[in-house]
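Shown next: query-v2.txt, containing compact mmCIF, C-alpha atoms.
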# COMPACT_ATOMS: atom_id res chain seq x y z
CA MET A 1 -12.77 -1.24 18.84
CA ALA A 2 -15.60 -3.63 18.35
CA SER A 3 -14.84 -7.19 17.55
CA THR A 4 -16.92 -9.66 15.61
CA THR A 5 -18.50 -11.64 18.41
CA SER A 6 -21.45 -13.07 16.49
CA GLY A 7 -21.19 -16.27 14.51
CA ASP A 8 -19.68 -14.46 11.54
CA ALA A 9 -15.94 -14.85 11.06
CA LEU A 10 -15.70 -11.61 9.09
CA PRO A 11 -17.68 -8.41 9.51
CA SER A 12 -19.88 -7.10 6.75
CA GLY A 13 -21.74 -3.89 6.07
CA GLY A 14 -20.99 -0.93 8.29
CA ARG A 15 -19.25 -3.13 10.87
CA ILE A 16 -16.07 -3.04 8.77
CA PHE A 17 -15.62 0.58 9.86
CA THR A 18 -15.42 -0.44 13.51
CA SER A 19 -13.81 -3.89 13.42
CA PHE A 20 -10.14 -4.68 13.67
CA PRO A 21 -8.17 -5.17 11.32
CA ASP A 22 -10.72 -4.02 8.71
CA ILE A 23 -10.43 -0.47 9.94
CA PHE A 24 -7.10 -0.40 8.04
CA PHE A 25 -8.94 -0.34 4.69
CA ILE A 26 -9.28 3.46 4.65
CA PRO A 27 -5.64 4.25 5.50
CA GLU A 28 -4.54 1.66 2.92
CA PHE A 29 -6.60 3.53 0.32
CA VAL A 30 -5.13 6.87 1.32
CA PHE A 31 -1.45 5.94 1.52
CA GLY A 32 -1.52 3.52 -1.43
CA GLY A 33 -3.28 6.15 -3.52
CA LEU A 34 -0.73 8.77 -2.49
CA VAL A 35 2.11 6.56 -3.73
CA TRP A 36 0.33 6.22 -7.06
CA ILE A 37 -0.30 9.98 -7.31
CA LEU A 38 3.19 11.06 -6.24
CA VAL A 39 5.04 8.72 -8.60
CA ALA A 40 2.66 9.47 -11.48
CA SER A 41 3.03 13.23 -10.99
CA ALA A 42 6.78 13.02 -11.53
CA LYS A 43 8.58 11.79 -14.60
CA VAL A 44 8.51 7.99 -14.54
CA ASP A 45 12.16 7.52 -15.37
CA PRO A 46 13.78 4.93 -15.13
CA ALA A 47 10.75 3.07 -16.40
CA ASN A 48 11.58 -0.43 -15.19
CA PRO A 49 11.64 -0.02 -11.39
CA LEU A 50 9.13 2.82 -11.38
CA GLY A 51 6.83 0.85 -13.65
CA TRP A 52 6.79 -1.85 -10.98
CA VAL A 53 6.01 0.77 -8.32
CA MET A 54 3.13 2.08 -10.45
CA PHE A 55 1.83 -1.47 -11.08
CA VAL A 56 1.92 -2.33 -7.38
CA SER A 57 0.26 0.88 -6.23
CA ILE A 58 -2.51 0.65 -8.85
CA PHE A 59 -3.00 -3.11 -8.37
CA CYS A 60 -3.25 -2.81 -4.59
CA PHE A 61 -5.51 0.24 -4.82
CA VAL A 62 -7.92 -1.54 -7.18
CA MET A 63 -7.82 -4.83 -5.26
CA THR A 64 -8.30 -3.10 -1.91
CA THR A 65 -11.25 -1.21 -3.38
CA LEU A 66 -12.73 -4.48 -4.64
CA TRP A 67 -12.02 -6.17 -1.30
CA PHE A 68 -13.60 -3.24 0.57
CA PHE A 69 -16.81 -3.40 -1.48
CA ILE A 70 -17.03 -7.19 -1.11
CA PHE A 71 -16.80 -6.74 2.66
CA LEU A 72 -19.22 -3.80 2.62
CA CYS A 73 -21.84 -5.75 0.61
CA GLY A 74 -21.49 -8.86 2.77
CA GLY A 75 -20.12 -11.14 0.07
CA ASN A 76 -17.42 -12.40 2.43
CA GLN A 77 -19.42 -14.77 4.62
CA SER A 78 -18.11 -18.06 3.21
CA SER A 79 -15.66 -20.06 5.30
CA ILE A 80 -12.82 -19.50 2.79
CA TRP A 81 -12.81 -15.68 3.11
CA PRO A 82 -10.67 -15.40 6.27
CA ALA A 83 -7.89 -17.32 4.49
CA LEU A 84 -8.31 -15.25 1.32
CA ASP A 85 -8.19 -12.06 3.36
CA ALA A 86 -4.93 -13.05 5.06
CA GLY A 87 -3.47 -14.29 1.76
CA TYR A 88 -4.32 -11.14 -0.18
CA HIS A 89 -2.84 -8.86 2.46
CA PHE A 90 0.32 -10.96 2.64
CA VAL A 91 0.73 -10.64 -1.16
CA ALA A 92 0.12 -6.89 -0.87
CA VAL A 93 2.85 -6.66 1.79
CA VAL A 94 5.38 -8.48 -0.39
CA PHE A 95 4.46 -6.35 -3.41
CA PHE A 96 4.56 -3.05 -1.55
CA LEU A 97 7.82 -3.91 0.23
CA SER A 98 9.52 -4.70 -3.07
CA ALA A 99 8.10 -1.54 -4.63
CA SER A 100 9.23 0.52 -1.63
CA VAL A 101 12.78 -0.77 -1.89
CA ASP A 102 12.84 -0.08 -5.66
CA LEU A 103 11.50 3.42 -5.13
CA ALA A 104 13.98 4.14 -2.35
CA TYR A 105 16.84 2.98 -4.57
CA VAL A 106 15.73 5.22 -7.45
CA THR A 107 15.29 8.12 -5.05
CA TYR A 108 18.76 7.56 -3.64
CA GLY A 109 20.21 7.65 -7.16
CA ILE A 110 18.38 10.87 -7.96
CA GLY A 111 19.61 12.29 -4.65
CA GLN A 112 23.20 11.59 -5.67
CA GLY A 113 22.56 13.48 -8.90
CA VAL A 114 21.06 16.37 -6.94
CA LYS A 115 24.14 16.56 -4.70
CA LEU A 116 26.47 16.57 -7.69
CA ALA A 117 24.40 19.23 -9.45
CA GLN A 118 24.44 21.39 -6.31
CA VAL A 119 28.23 21.20 -6.15
CA LEU A 120 28.45 22.27 -9.79
CA ALA A 121 25.66 24.85 -9.30
CA LEU A 122 23.71 23.30 -12.17
CA LEU A 123 20.61 22.14 -10.31
CA PRO A 124 17.51 22.38 -12.50
CA ALA A 125 14.34 23.11 -10.55
CA GLU A 126 12.56 20.15 -12.18
CA LEU A 127 15.11 17.64 -10.82
CA LEU A 128 14.72 18.98 -7.28
CA LYS A 129 10.91 18.79 -7.62
CA ILE A 130 11.06 15.16 -8.79
CA TYR A 131 13.48 14.31 -5.96
CA ARG A 132 11.12 15.77 -3.37
CA LEU A 133 8.12 13.97 -4.88
CA TYR A 134 9.99 10.68 -4.75
CA ILE A 135 11.03 11.24 -1.14
CA SER A 136 7.37 11.76 -0.26
CA ALA A 137 6.41 8.68 -2.27
CA VAL A 138 9.01 6.56 -0.44
CA VAL A 139 7.63 7.61 2.94
CA MET A 140 4.04 6.93 1.85
CA SER A 141 5.06 3.60 0.35
CA TYR A 142 6.64 2.39 3.57
CA VAL A 143 3.61 3.57 5.57
CA ALA A 144 1.35 1.65 3.16
CA THR A 145 3.61 -1.39 3.56
CA LEU A 146 3.28 -1.14 7.34
CA LEU A 147 -0.52 -0.84 7.12
CA TYR A 148 -0.79 -3.85 4.82
CA PHE A 149 1.58 -5.78 7.12
CA LEU A 150 -0.54 -5.05 10.20
CA HIS A 151 -3.68 -5.96 8.29
CA ALA A 152 -2.07 -9.22 7.12
CA ILE A 153 -0.92 -10.21 10.62
CA PHE A 154 -4.26 -9.52 12.26
CA SER A 155 -6.15 -11.15 9.37
CA ALA A 156 -4.00 -14.26 9.83
CA ILE A 157 -4.80 -14.28 13.55
CA ARG A 158 -8.50 -13.92 12.75
CA TRP A 159 -8.22 -16.74 10.17
CA LYS A 160 -6.63 -19.08 12.71
CA ARG A 161 -9.39 -18.29 15.23
CA SER A 162 -12.18 -19.06 12.75
How does this structure look as structure tokens?
Amino acid sequence: MASTTSGDALPSGGRIFTSFPDIFFIPEFVFGGLVWILVASAKVDPANPLGWVMFVSIFCFVMTTLWFFIFLCGGNQSSIWPALDAGYHFVAVVFFLSASVDLAYVTYGIGQGVKLAQVLALLPAELLKIYRLYISAVVMSYVATLLYFLHAIFSAIRWKRS
């Protein structure tokens, strides 16, 4: 993958599609958006931990979109942007990790209810559907966390080099 070898610390324009770690923007969109879609398509109950998951997924999706367009338009050429890039992605990692743990805990609790309902042969189809959606959301959430983590680490390395 191409690196930014000119005087610019951060790529702008179409170079963000070929530079590392900015190539992670697209997968962050995809997996972060999938968390949002999967949790929103199921019943958001209990509201407290799943509300946090929804907040994190929407916040990171919107901020990553904003960040992406700032990079695409070349508004990131000031000397402070490498530090802001590393800082934002670190915050996104902490947010997504906490949301992933909350979502996994809720999914585990629903799974215990599914097991009990299977033993009693009282499993409603809607509960099984929600359980499967949450399992998918947990996987996507941890993948998004990993992508944001890799982006944060390599952004911090780029910041220290600039």
Exercise. State, in Å with one decimal place, the distance from atom CA of A:Phe29 to atom CA of A:Val139.
Key: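 A separation of 15.0 Å between them.
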- Message: Could you check the closest approach to A:Gly32 for each of A:Leu127, A:Ala137, A:Ile110, A:Val94 and tell me which residue wins, using all atoms listed in the file?
- Response: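 Closest residue, counting all atoms listed in the file: A:Ala137.
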Atom CA of A:Asp85 to atom CA of A:Ala156, straight-line distance in Å
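Computing the Euclidean distance for atom CA of A:Ala156 and atom CA of A:Asp85 yields 8.0 Å.
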*asked:* Report as a list in words all protein, DNA and RNA residues lying within 7 Å of stretch 101-104 of chain A, evaluated on all atoms listed in the file, omitting residues in the same chain fewer than 2 positions from it.
replied: Pro49, Leu50, Val53, Leu97, Ser98, Ala99, Val106, Thr107, Tyr108 and Val138 of chain A
Checklist entry - What is the atom CA of A:Ala125-atom CA of A:Phe96 distance in Å, reported with one decimal? => result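 Spanning atom CA of A:Ala125 to atom CA of A:Phe96 is a straight-line distance of 29.3 Å.
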Need the neighbours of (-0.4, 4.4, -2.2): which residues are at most 12 Å away, counting all atoms listed in the file, as a VMD selection string? chain A and resid 25 to 40 53 to 62 64 92 95 to 97 99 to 100 136 to 148
Pick from A:Thr65, A:Gln112, A:Asn48, A:Ser162 nearest to A:Ile80, counting only C-alpha atoms: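 Using only C-alpha atoms, A:Ile80 sits closest to A:Ser162.
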